[in-house]
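Next comes run-v8.txt, with compact mmCIF, C-alpha atoms.
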```
# COMPACT_ATOMS: atom_id res chain seq x y z
CA ASP B 1 52.10 0.58 41.53
CA PHE B 2 49.51 -0.15 44.21
CA HIS B 3 48.44 -3.78 44.77
CA ILE B 4 45.80 -5.55 46.83
CA TYR B 5 46.30 -9.28 47.44
CA ASP B 6 43.86 -12.00 48.48
CA ASP B 7 44.43 -14.42 51.36
CA SER B 8 46.46 -16.76 49.16
CA GLY B 9 48.82 -13.99 48.13
CA SER B 10 47.51 -13.67 44.58
CA ASP B 11 47.21 -10.19 43.12
CA TYR B 12 43.58 -9.15 43.47
CA LEU B 13 43.68 -5.55 42.29
CA THR B 14 46.36 -3.42 40.69
CA ILE B 15 46.46 0.35 40.27
CA LYS B 16 49.28 1.30 37.92
CA ASN B 17 51.29 4.47 38.24
CA SER B 18 49.54 5.58 35.01
CA GLY B 19 46.17 5.34 36.78
CA ASN B 20 45.02 2.22 34.93
CA VAL B 21 43.19 -0.26 37.14
CA GLY B 22 43.38 -4.01 36.73
CA ILE B 23 41.21 -6.65 38.35
CA GLY B 24 42.51 -10.13 37.69
CA THR B 25 45.50 -8.71 35.84
CA THR B 26 48.65 -6.87 36.84
CA SER B 27 49.04 -5.24 33.41
CA PRO B 28 45.88 -3.24 32.70
CA ALA B 29 46.11 -1.60 29.26
CA ASN B 30 43.01 0.55 29.78
CA LYS B 31 41.51 2.70 32.51
CA LEU B 32 39.79 -0.46 33.75
CA THR B 33 40.73 -3.98 32.67
CA ILE B 34 38.95 -6.98 34.17
CA ASN B 35 40.12 -10.52 33.50
CA ASN B 36 38.33 -13.69 34.44
CA THR B 37 39.64 -17.15 33.63
CA LEU B 38 37.21 -19.85 32.56
CA THR B 39 38.13 -22.57 30.08
CA ASN B 40 35.55 -23.33 27.37
CA GLY B 41 32.68 -21.52 29.05
CA LEU B 42 30.75 -18.28 29.44
CA THR B 43 31.84 -15.88 32.16
CA TYR B 44 30.50 -12.52 33.36
CA PRO B 45 33.38 -10.47 34.81
CA VAL B 46 31.13 -7.40 35.04
CA GLN B 47 27.61 -7.14 36.43
CA VAL B 48 25.46 -4.00 36.29
CA ALA B 49 22.66 -4.32 38.84
CA ASN B 50 19.78 -2.43 40.45
CA ILE B 51 19.10 -4.60 43.50
CA THR B 52 16.96 -2.18 45.53
CA GLY B 53 14.05 -1.69 43.14
CA GLY B 54 12.77 -5.25 42.81
CA ASP B 55 12.02 -6.51 39.32
CA GLY B 56 8.69 -4.80 38.64
CA VAL B 57 7.93 -3.07 35.36
CA GLY B 58 10.17 -0.03 34.89
CA THR B 59 12.99 -1.17 37.18
CA SER B 60 16.15 -0.80 35.15
CA ALA B 61 19.93 -0.91 35.21
CA GLY B 62 22.13 0.54 32.53
CA ILE B 63 25.26 2.21 31.27
CA LEU B 64 25.35 5.93 30.44
CA PHE B 65 27.70 7.19 27.73
CA ASN B 66 29.22 10.66 28.10
CA ILE B 67 31.38 12.26 25.44
CA GLY B 68 33.35 15.44 26.05
CA TYR B 69 32.03 16.42 29.48
CA GLY B 70 32.82 15.30 33.01
CA GLY B 71 30.37 14.42 35.74
CA THR B 72 27.13 12.46 35.76
CA ALA B 73 24.99 15.44 34.74
CA ARG B 74 25.89 14.86 31.08
CA GLY B 75 25.25 11.97 28.74
CA LYS B 76 22.78 11.49 25.90
CA GLY B 77 23.14 7.79 25.05
CA ALA B 78 22.54 4.75 27.23
CA LEU B 79 22.15 0.98 27.09
CA VAL B 80 19.56 -0.21 29.60
CA TYR B 81 18.15 -3.54 30.72
CA ASN B 82 14.53 -2.90 31.74
CA SER B 83 12.39 -5.36 33.73
CA ASN B 84 9.26 -6.55 31.92
CA GLY B 85 7.55 -7.46 35.21
CA THR B 86 7.29 -11.21 34.59
CA GLY B 87 9.71 -12.11 37.37
CA TYR B 88 13.04 -13.92 37.56
CA ASN B 89 14.90 -10.76 36.44
CA LYS B 90 13.55 -11.09 32.89
CA GLY B 91 13.59 -7.90 30.89
CA ASP B 92 14.32 -6.13 27.61
CA PHE B 93 17.41 -4.38 26.29
CA MET B 94 16.78 -0.77 25.30
CA PHE B 95 19.06 1.63 23.44
CA LEU B 96 18.28 5.18 24.55
CA GLN B 97 19.04 8.41 22.70
CA ASN B 98 18.18 11.83 24.18
CA SER B 99 18.24 14.43 21.39
CA VAL B 100 17.35 17.49 23.52
CA ALA B 101 20.05 20.19 23.52
CA ASP B 102 20.45 20.43 27.30
CA THR B 103 22.11 18.54 30.15
CA SER B 104 19.23 16.07 30.68
CA GLN B 105 19.95 12.36 30.56
CA PRO B 106 18.05 9.76 28.53
CA VAL B 107 15.00 8.06 30.05
CA LEU B 108 13.07 4.96 29.01
CA THR B 109 10.78 6.95 26.72
CA ASP B 110 13.88 7.90 24.69
CA ALA B 111 14.25 4.30 23.48
CA VAL B 112 15.11 4.06 19.78
CA VAL B 113 15.81 0.31 19.63
CA THR B 114 14.33 -2.39 21.87
CA ILE B 115 15.29 -6.06 22.00
CA LYS B 116 12.58 -7.97 23.81
CA ASN B 117 13.26 -10.93 26.08
CA ASN B 118 11.74 -13.20 23.40
CA GLY B 119 14.19 -11.89 20.78
CA ASN B 120 11.82 -9.56 18.90
CA VAL B 121 13.48 -6.32 17.79
CA GLY B 122 11.69 -2.99 17.63
CA ILE B 123 12.93 0.18 15.91
CA GLY B 124 10.78 3.15 16.85
CA THR B 125 8.59 0.90 19.02
CA THR B 126 9.14 -0.67 22.43
CA ASN B 127 6.58 -3.43 21.86
CA PRO B 128 7.57 -5.30 18.68
CA GLY B 129 5.14 -8.08 17.84
CA ASN B 130 7.37 -9.63 15.19
CA LYS B 131 11.00 -10.63 14.81
CA LEU B 132 11.56 -7.11 13.43
CA SER B 133 9.04 -4.27 13.81
CA VAL B 134 9.80 -0.81 12.44
CA LEU B 135 7.58 2.19 13.26
CA GLY B 136 8.22 5.65 11.89
CA THR B 137 7.49 8.18 9.19
CA GLY B 138 9.10 8.35 5.77
CA ARG B 139 11.30 5.66 4.30
CA VAL B 140 12.13 2.89 6.75
CA PHE B 141 14.35 0.75 4.55
CA ASN B 142 16.82 1.38 1.76
CA ALA B 143 19.21 -1.08 0.14
CA THR B 144 21.73 0.06 -2.45
CA SER B 145 24.04 -2.05 -4.57
CA SER B 146 26.42 -1.13 -7.36
CA ASN B 147 26.09 -4.59 -8.91
CA ASP B 148 23.27 -6.58 -10.51
CA GLU B 149 22.48 -8.70 -7.47
CA VAL B 150 19.81 -9.44 -4.87
CA VAL B 151 20.13 -6.79 -2.14
CA ALA B 152 17.34 -8.22 0.04
CA SER B 153 15.84 -11.68 0.20
CA ILE B 154 12.69 -13.13 1.80
CA THR B 155 12.94 -16.88 2.23
CA ARG B 156 10.43 -19.34 3.59
CA SER B 157 11.85 -22.08 5.78
CA GLY B 158 10.32 -25.48 6.28
CA SER B 159 7.69 -27.06 4.03
CA GLY B 160 5.61 -25.12 1.54
CA ALA B 161 6.50 -23.18 -1.58
CA ILE B 162 4.83 -19.79 -1.00
CA SER B 163 6.75 -16.82 0.41
CA THR B 164 5.10 -13.40 0.27
CA LEU B 165 5.41 -9.82 1.45
CA GLY B 166 2.20 -8.41 2.95
CA PHE B 167 0.96 -4.81 2.88
CA ASN B 168 -1.24 -3.66 5.76
CA ALA B 169 -2.70 -0.24 4.94
CA ASN B 170 -4.78 1.89 7.29
CA GLY B 171 -8.07 0.05 7.68
CA SER B 172 -6.68 -3.39 6.85
CA THR B 173 -7.14 -6.10 9.45
CA SER B 174 -4.57 -8.55 8.13
CA ASP B 175 -1.19 -8.62 6.38
CA TYR B 176 -2.71 -11.26 4.09
CA HIS B 177 -5.20 -8.88 2.42
CA VAL B 178 -2.68 -7.51 -0.07
CA ARG B 179 0.55 -9.40 -0.68
CA ILE B 180 3.03 -10.27 -3.39
CA GLY B 181 5.74 -12.86 -3.52
CA ALA B 182 6.82 -16.21 -4.89
CA ASN B 183 5.12 -19.56 -5.31
CA ALA B 184 8.02 -21.85 -6.13
CA THR B 185 9.46 -20.15 -9.26
CA SER B 186 6.38 -18.04 -10.10
CA PHE B 187 5.56 -14.46 -9.11
CA VAL B 188 2.15 -14.17 -7.44
CA ALA B 189 -0.10 -11.31 -6.33
CA TYR B 190 -2.95 -11.58 -3.82
CA THR B 191 -5.88 -9.44 -2.68
CA SER B 192 -8.25 -10.54 0.12
CA ASN B 193 -5.91 -13.53 0.57
CA VAL B 194 -6.86 -14.86 -2.89
CA GLU B 195 -4.32 -15.20 -5.70
CA ARG B 196 -5.31 -12.81 -8.49
CA MET B 197 -2.31 -12.87 -10.83
CA ARG B 198 0.61 -15.15 -11.58
CA ILE B 199 3.68 -14.78 -13.77
CA THR B 200 5.31 -18.14 -14.35
CA SER B 201 9.02 -18.80 -14.61
CA ASN B 202 8.73 -18.96 -18.42
CA GLY B 203 7.00 -15.56 -18.60
CA LYS B 204 3.36 -16.56 -19.02
CA VAL B 205 0.83 -14.33 -17.25
CA GLY B 206 -2.38 -15.56 -15.69
CA ILE B 207 -5.13 -13.33 -14.26
CA GLY B 208 -7.86 -15.08 -12.31
CA THR B 209 -6.25 -18.46 -12.95
CA THR B 210 -3.26 -20.44 -11.76
CA THR B 211 -3.17 -22.96 -14.60
CA PHE B 212 -2.26 -22.63 -18.26
CA PRO B 213 -3.91 -25.47 -20.21
CA THR B 214 -2.66 -26.28 -23.69
CA THR B 215 -5.24 -25.72 -26.45
CA ALA B 216 -5.28 -26.81 -30.06
CA ILE B 217 -3.20 -23.76 -30.94
CA GLY B 218 -0.82 -24.02 -28.02
CA GLU B 219 -0.40 -22.15 -24.75
CA ARG B 220 -1.17 -18.46 -24.50
CA GLU B 221 1.31 -15.88 -23.13
CA LEU B 222 -1.64 -14.19 -21.38
CA LEU B 223 -4.58 -16.09 -19.96
CA VAL B 224 -7.50 -14.29 -18.30
CA GLN B 225 -10.24 -16.16 -16.46
CA GLY B 226 -13.24 -13.82 -16.71
CA SER B 227 -14.36 -10.85 -18.78
CA ILE B 228 -12.08 -8.29 -20.37
CA VAL B 229 -13.18 -4.72 -21.16
CA SER B 230 -11.09 -2.57 -23.48
CA LYS B 231 -11.84 0.93 -24.72
CA PRO B 232 -10.01 3.34 -27.05
CA SER B 233 -8.05 6.18 -25.55
CA GLY B 234 -10.17 9.33 -24.96
CA VAL B 235 -13.48 7.44 -24.97
CA ASP B 236 -15.58 7.54 -21.79
```
What does this structure look like when you write it as structure tokens?
Amino acid sequence: DFHIYDDSGSDYLTIKNSGNVGIGTTSPANKLTINNTLTNGLTYPVQVANITGGDGVGTSAGILFNIGYGGTARGKGALVYNSNGTGYNKGDFMFLQNSVADTSQPVLTDAVVTIKNNGNVGIGTTNPGNKLSVLGTGRVFNATSSNDEVVASITRSGSGAISTLGFNANGSTSDYHVRIGANATSFVAYTSNVERMRITSNGKVGIGTTTFPTTAIGERELLVQGSIVSKPSGVD
């Protein structure tokens, strides 16, 4: 084995007869093994840097992944840290995927997932405005379960009882225009940010009202505040 020692005589670098390289260890189990000793703390034994480009927008440093081919001319996937131009080395993580059938490498426009410096995650977008933003065509979410259980849950934290899911169609200016969700234990539906229908926990349905007063003949299963129009089938 080949060894390099520091001034105190401690082993600094080891190259095993197998070709494995160890930094901070004399028994590297992989092609490159780096050990750093720090008790009860965070340590960074590896740093990937681009120190010549400044930290303006577009300055990046990353790791390229190559499967099956030698040399730097190949590689379709990469993990990149890209400067957002706000200084102090702040930037965004970007997962790149180049799907072109050639020897070209991924570039920033090949980003499929972006994690912003503020923690927002974008799939199909590099500028997520929410904790999770998904942009694409076709189905963007699918949850499957073989049991009778909740496969997805939307929960409101803090005070307040209303938790809703908003729908923003082309032409809408707010997620609050059309939304459905829960008000405590009741199902609620909104349009133009006004509650239009409610199904209570005991199955009563209200349209145009949120209260179910008791009358002389008891509570109704369906209560409509406003006019009702009904016509026979086949009649215009």
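Within the 9 Å cut-off around Gly166 (chain B), using only C-alpha atoms and omitting residues fewer than 2 positions from it on the same chain, the listed residues are B:Thr164, B:Asn168, B:Ser174, B:Asp175, B:Tyr176, B:His177, B:Val178, B:Arg179, B:Ile180, B:Gly181.
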Atomic distance CA of Leu222 (chain B) - CA of Val205 (chain B), expressed in Å with one decimal: 4.8 Å
Let me have the centre and edge lengths of the axis-aligned box enclosing all listed atoms of region 122-130 of chain B with 3 Å padding on every side, in Å to one decimal, as AutoDock Vina command-line options.
```
--center_x 9.0 --center_y -3.2 --center_z 18.8 --size_x 13.8 --size_y 18.8 --size_z 13.2
```
CA of Thr210 (chain B) to CA of Lys231 (chain B), distance in Å rounded to a single decimal: 26.4 Å
Sphere at (2.1, -20.3, -14.1), radius 12 Å, counting all atoms listed in the file: residues as number ranges by chain: B: 182-188, 195-213, 219-223
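Considering the residues B:Gly119, B:Gly70, B:Gly75, B:Gly54 and counting only C-alpha atoms, Lys131 (chain B) has its shortest atom-to-atom contact with B:Gly119.
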Nearest candidate to Thr103 (chain B) (options B:Gly158, B:Gly9, B:Gly129, B:Gly77; using only C-alpha atoms): B:Gly77
